[in-house]
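Novice: Starting off with a structure, shown below.
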Amino acid sequence: MRVDLHNHTIRCNHATGSMEDYIKKAIEIGIDIYGFTDHAPMDFEPEYRMNLSQCSEYENEVLRLKEKYKKDIEITLGYEVDFMSNPKYMEKSILNSNVDYLIGSVHFLDTWGFDNPEFLKEYENQNIDDIWIKYFKAIEDMAKSNYFNIVGHLDLIKVFKYLPNKDIKLLAYNALKEIKKSAMTIEINSAGLRKPIKEQYPSKSLLELIFELDIDITFSSDAHSISQIGFEYESVKNIAKKIGFTKCVSYIKKEKIYHNF
Ligand SMILES: [Zn+2]
Ligand SMILES: [Zn+2]
């Protein structure tokens with residue numbers, strides 16, 4: 001069974017291609033379960049996400065395609081939601097929406113968009129270990145919030161190769177324990193292979209720890225274009241298999257379903 005649960009649409013203003021073409025490509029390359037999780041609305045950097053008034057049209061289009069292609073592929077509906085330290089930015093209607101799942105992602109430390117190349121200079125202004133500590137504290141708080149089903153790109157803070165001096169497994173440990181406690185799933189997201197770090201999220205050593213802690217995993221390509229659908233699936237699948245994982249997760253109405261991959 002091949003799943004790909006984290007994918008975008010043109011509504012976030014930094015993706016290309018029609019949703020129907022995404023599905024046609026997913027079917028063509030043999031994806032069995034395909035999830036749309038576009039960036040949820042939020043009153044912060046609104047140019048990188050849909051706005052509230054687009055949600056129903058987005059959800060309806062996912063459901064239309066789900067019905068139309070149900071013989072060939074299972075389509076699931078979700079959102080990628082920014083976990084912000086200031087909760088006023090998180091839309092209650094999204095957090096409580098009746099979708100299949102929510103991906104919780106940390107893209108901001110306070111208001112610093114650390115994965116945006118425009119703000120790269122900020123890495124030089126702070127101690128790198130402190131940045132990583134802050135990042136994993138945010139992941140820990142996100143897990144504690146219990147709003148989300150899947151952790152988006154667990155170690156995104158490595159994206160520009162500003163790596164800590166401290167052991168990453170130690171830095172991530174408390175966050176992983178909270179993820180386990182809240183029964184969240186961690187995606188193996190191949191988008192990192194397209195970024196300066198040239199490595200999937202999370203790293204192999206974090207995946208080993210995730211396996212030891214018996215945390216569920218799933219797969220995603222975080223596609224923002226047709227050509228990124230299913231990106232490097234074979235390589236990330238093989239990494240997961242080598243570590244010992246045999247099952248991955250999908251969601252229907254926030255309930256986990258396990259699949260052999
Ligand atoms: Zn993201
Ligand atoms: Zn994404």
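Scheme for the structure tokens: letters A, B, ... for chains in order shown; per-chain residue numbers from 1; ligand numbers from 1 in order shown.
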Hey, what does DSSP flag as helix (DSSP H, G or I) within range 122-187 of chain A? Can you give it to me as a PyMOL selection string?

Specialist: chain A and resi 122-125+128-145+156-158+168-181

Novice: Export N, CA and C atoms of the chosen residues as an mmCIF file, in the first residue's frame?

Specialist:
```cif
data_model
loop_
_atom_site.group_PDB
_atom_site.id
_atom_site.type_symbol
_atom_site.label_atom_id
_atom_site.label_comp_id
_atom_site.auth_asym_id
_atom_site.auth_seq_id
_atom_site.Cartn_x
_atom_site.Cartn_y
_atom_site.Cartn_z
ATOM 1 N N GLU A 122 18.756 35.594 10.199
ATOM 2 C CA GLU A 122 18.431 35.426 11.618
ATOM 3 C C GLU A 122 19.197 34.259 12.251
ATOM 4 N N TYR A 123 19.595 33.271 11.436
ATOM 5 C CA TYR A 123 20.369 32.143 11.983
ATOM 6 C C TYR A 123 21.691 32.607 12.593
ATOM 7 N N GLU A 124 22.213 33.742 12.093
ATOM 8 C CA GLU A 124 23.491 34.250 12.601
ATOM 9 C C GLU A 124 23.300 35.076 13.874
ATOM 10 N N ASN A 125 22.049 35.474 14.144
ATOM 11 C CA ASN A 125 21.807 36.374 15.284
ATOM 12 C C ASN A 125 21.572 35.654 16.595
ATOM 13 N N ILE A 128 22.974 28.750 17.845
ATOM 14 C CA ILE A 128 22.320 27.719 17.041
ATOM 15 C C ILE A 128 21.683 26.629 17.923
ATOM 16 N N ASP A 129 22.335 26.279 19.020
ATOM 17 C CA ASP A 129 21.723 25.283 19.914
ATOM 18 C C ASP A 129 20.416 25.818 20.503
ATOM 19 N N ASP A 130 20.417 27.111 20.854
ATOM 20 C CA ASP A 130 19.188 27.711 21.403
ATOM 21 C C ASP A 130 18.053 27.683 20.383
ATOM 22 N N ILE A 131 18.398 27.914 19.120
ATOM 23 C CA ILE A 131 17.380 27.868 18.065
ATOM 24 C C ILE A 131 16.755 26.475 18.012
ATOM 25 N N TRP A 132 17.600 25.445 18.048
ATOM 26 C CA TRP A 132 17.091 24.069 17.977
ATOM 27 C C TRP A 132 16.271 23.706 19.213
ATOM 28 N N ILE A 133 16.733 24.185 20.383
ATOM 29 C CA ILE A 133 15.976 23.912 21.622
ATOM 30 C C ILE A 133 14.586 24.535 21.525
ATOM 31 N N LYS A 134 14.548 25.788 21.064
ATOM 32 C CA LYS A 134 13.278 26.497 20.895
ATOM 33 C C LYS A 134 12.363 25.774 19.913
ATOM 34 N N TYR A 135 12.962 25.314 18.823
ATOM 35 C CA TYR A 135 12.186 24.616 17.798
ATOM 36 C C TYR A 135 11.530 23.351 18.369
ATOM 37 N N PHE A 136 12.323 22.519 19.037
ATOM 38 C CA PHE A 136 11.730 21.264 19.531
ATOM 39 C C PHE A 136 10.789 21.506 20.721
ATOM 40 N N LYS A 137 10.984 22.617 21.433
ATOM 41 C CA LYS A 137 10.011 22.976 22.464
ATOM 42 C C LYS A 137 8.662 23.292 21.802
ATOM 43 N N ALA A 138 8.715 23.953 20.657
ATOM 44 C CA ALA A 138 7.473 24.261 19.928
ATOM 45 C C ALA A 138 6.803 22.964 19.463
ATOM 46 N N ILE A 139 7.586 22.008 18.991
ATOM 47 C CA ILE A 139 7.021 20.718 18.575
ATOM 48 C C ILE A 139 6.381 20.020 19.782
ATOM 49 N N GLU A 140 7.073 20.095 20.908
ATOM 50 C CA GLU A 140 6.545 19.485 22.142
ATOM 51 C C GLU A 140 5.207 20.129 22.532
ATOM 52 N N ASP A 141 5.153 21.437 22.488
ATOM 53 C CA ASP A 141 3.907 22.150 22.820
ATOM 54 C C ASP A 141 2.798 21.812 21.823
ATOM 55 N N MET A 142 3.178 21.645 20.576
ATOM 56 C CA MET A 142 2.185 21.280 19.564
ATOM 57 C C MET A 142 1.572 19.917 19.890
ATOM 58 N N ALA A 143 2.440 18.968 20.263
ATOM 59 C CA ALA A 143 1.933 17.623 20.606
ATOM 60 C C ALA A 143 1.007 17.710 21.823
ATOM 61 N N LYS A 144 1.407 18.531 22.799
ATOM 62 C CA LYS A 144 0.585 18.679 24.006
ATOM 63 C C LYS A 144 -0.765 19.307 23.716
ATOM 64 N N SER A 145 -0.852 20.108 22.658
ATOM 65 C CA SER A 145 -2.103 20.810 22.369
ATOM 66 C C SER A 145 -3.217 19.840 21.950
ATOM 67 N N LEU A 156 12.355 20.108 10.524
ATOM 68 C CA LEU A 156 12.451 21.154 9.485
ATOM 69 C C LEU A 156 13.546 22.193 9.767
ATOM 70 N N ILE A 157 13.842 22.402 11.051
ATOM 71 C CA ILE A 157 14.824 23.419 11.428
ATOM 72 C C ILE A 157 16.208 23.162 10.814
ATOM 73 N N LYS A 158 16.428 21.951 10.271
ATOM 74 C CA LYS A 158 17.730 21.652 9.641
ATOM 75 C C LYS A 158 17.792 22.128 8.191
ATOM 76 N N ILE A 168 21.298 15.793 18.317
ATOM 77 C CA ILE A 168 19.924 16.067 17.875
ATOM 78 C C ILE A 168 18.918 15.129 18.552
ATOM 79 N N LYS A 169 19.337 13.870 18.797
ATOM 80 C CA LYS A 169 18.416 12.937 19.457
ATOM 81 C C LYS A 169 18.045 13.446 20.857
ATOM 82 N N LEU A 170 19.039 14.020 21.545
ATOM 83 C CA LEU A 170 18.747 14.567 22.882
ATOM 84 C C LEU A 170 17.850 15.796 22.775
ATOM 85 N N LEU A 171 18.131 16.637 21.788
ATOM 86 C CA LEU A 171 17.331 17.854 21.607
ATOM 87 C C LEU A 171 15.870 17.519 21.301
ATOM 88 N N ALA A 172 15.652 16.400 20.578
ATOM 89 C CA ALA A 172 14.296 16.051 20.136
ATOM 90 C C ALA A 172 13.559 15.159 21.118
ATOM 91 N N TYR A 173 14.267 14.654 22.119
ATOM 92 C CA TYR A 173 13.702 13.566 22.926
ATOM 93 C C TYR A 173 12.371 13.906 23.612
ATOM 94 N N ASN A 174 12.312 15.044 24.284
ATOM 95 C CA ASN A 174 11.064 15.385 25.003
ATOM 96 C C ASN A 174 9.896 15.576 24.037
ATOM 97 N N ALA A 175 10.195 16.150 22.880
ATOM 98 C CA ALA A 175 9.137 16.316 21.873
ATOM 99 C C ALA A 175 8.634 14.945 21.429
ATOM 100 N N LEU A 176 9.552 14.013 21.200
ATOM 101 C CA LEU A 176 9.134 12.673 20.748
ATOM 102 C C LEU A 176 8.297 11.973 21.813
ATOM 103 N N LYS A 177 8.684 12.172 23.075
ATOM 104 C CA LYS A 177 7.885 11.544 24.136
ATOM 105 C C LYS A 177 6.459 12.086 24.164
ATOM 106 N N GLU A 178 6.305 13.382 23.940
ATOM 107 C CA GLU A 178 4.955 13.976 23.897
ATOM 108 C C GLU A 178 4.179 13.502 22.662
ATOM 109 N N ILE A 179 4.886 13.343 21.556
ATOM 110 C CA ILE A 179 4.239 12.852 20.329
ATOM 111 C C ILE A 179 3.706 11.444 20.571
ATOM 112 N N LYS A 180 4.519 10.634 21.235
ATOM 113 C CA LYS A 180 4.081 9.269 21.560
ATOM 114 C C LYS A 180 2.849 9.310 22.477
ATOM 115 N N LYS A 181 2.928 10.158 23.498
ATOM 116 C CA LYS A 181 1.833 10.258 24.471
ATOM 117 C C LYS A 181 0.523 10.676 23.815
#
```

Novice: Residues contacting ligand 1 - anything with an atom at most 12 Å away, using only C-alpha atoms and all ligand atoms - can you give me those as a ChimeraX atom specification?

Specialist: /A:6-8,12,14,37-40,48-49,79-83,102-108,113-116,150-157,159,187,189-192,201,220-224

Novice: For Lys88 in chain A, which residue among A:Met19, A:Ile239, A:Ile33, A:Met42 is the nearest when counting only C-alpha atoms?

Specialist: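 Nearest candidate to Lys88 in chain A out of A:Met19, A:Ile239, A:Ile33, A:Met42: A:Met42.
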
Novice: Can you tell me how far CA of Cys55 in chain A sits from CA of Asn96 in chain A, in Å to one decimal?

Specialist: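 Taking CA of Cys55 in chain A as the start and CA of Asn96 in chain A as the end point, the length is 13.3 Å.
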
Novice: Can you work out the spacing between CA of Pro196 in chain A and CA of Gln228 in chain A in Å, to one decimal?

Specialist: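 CA of Pro196 in chain A sits 16.2 Å away from CA of Gln228 in chain A.
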
Novice: In terms of the shortest atom-to-atom distance over only C-alpha atoms and all ligand atoms, which of A:Phe261, A:Gly78, A:Ser97, A:Ser53 is closest to ligand 2?

Specialist: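 Among the listed residues, A:Gly78 lies closest to ligand 2.
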
Novice: Go through A:Lys247, A:Met184, A:Val3, A:Gly35 and flag the residue nearest ligand 2, using only C-alpha atoms and all ligand atoms for the distances.

Specialist: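 Looking only at the distances to ligand 2, the closest residue turns out to be A:Gly35.
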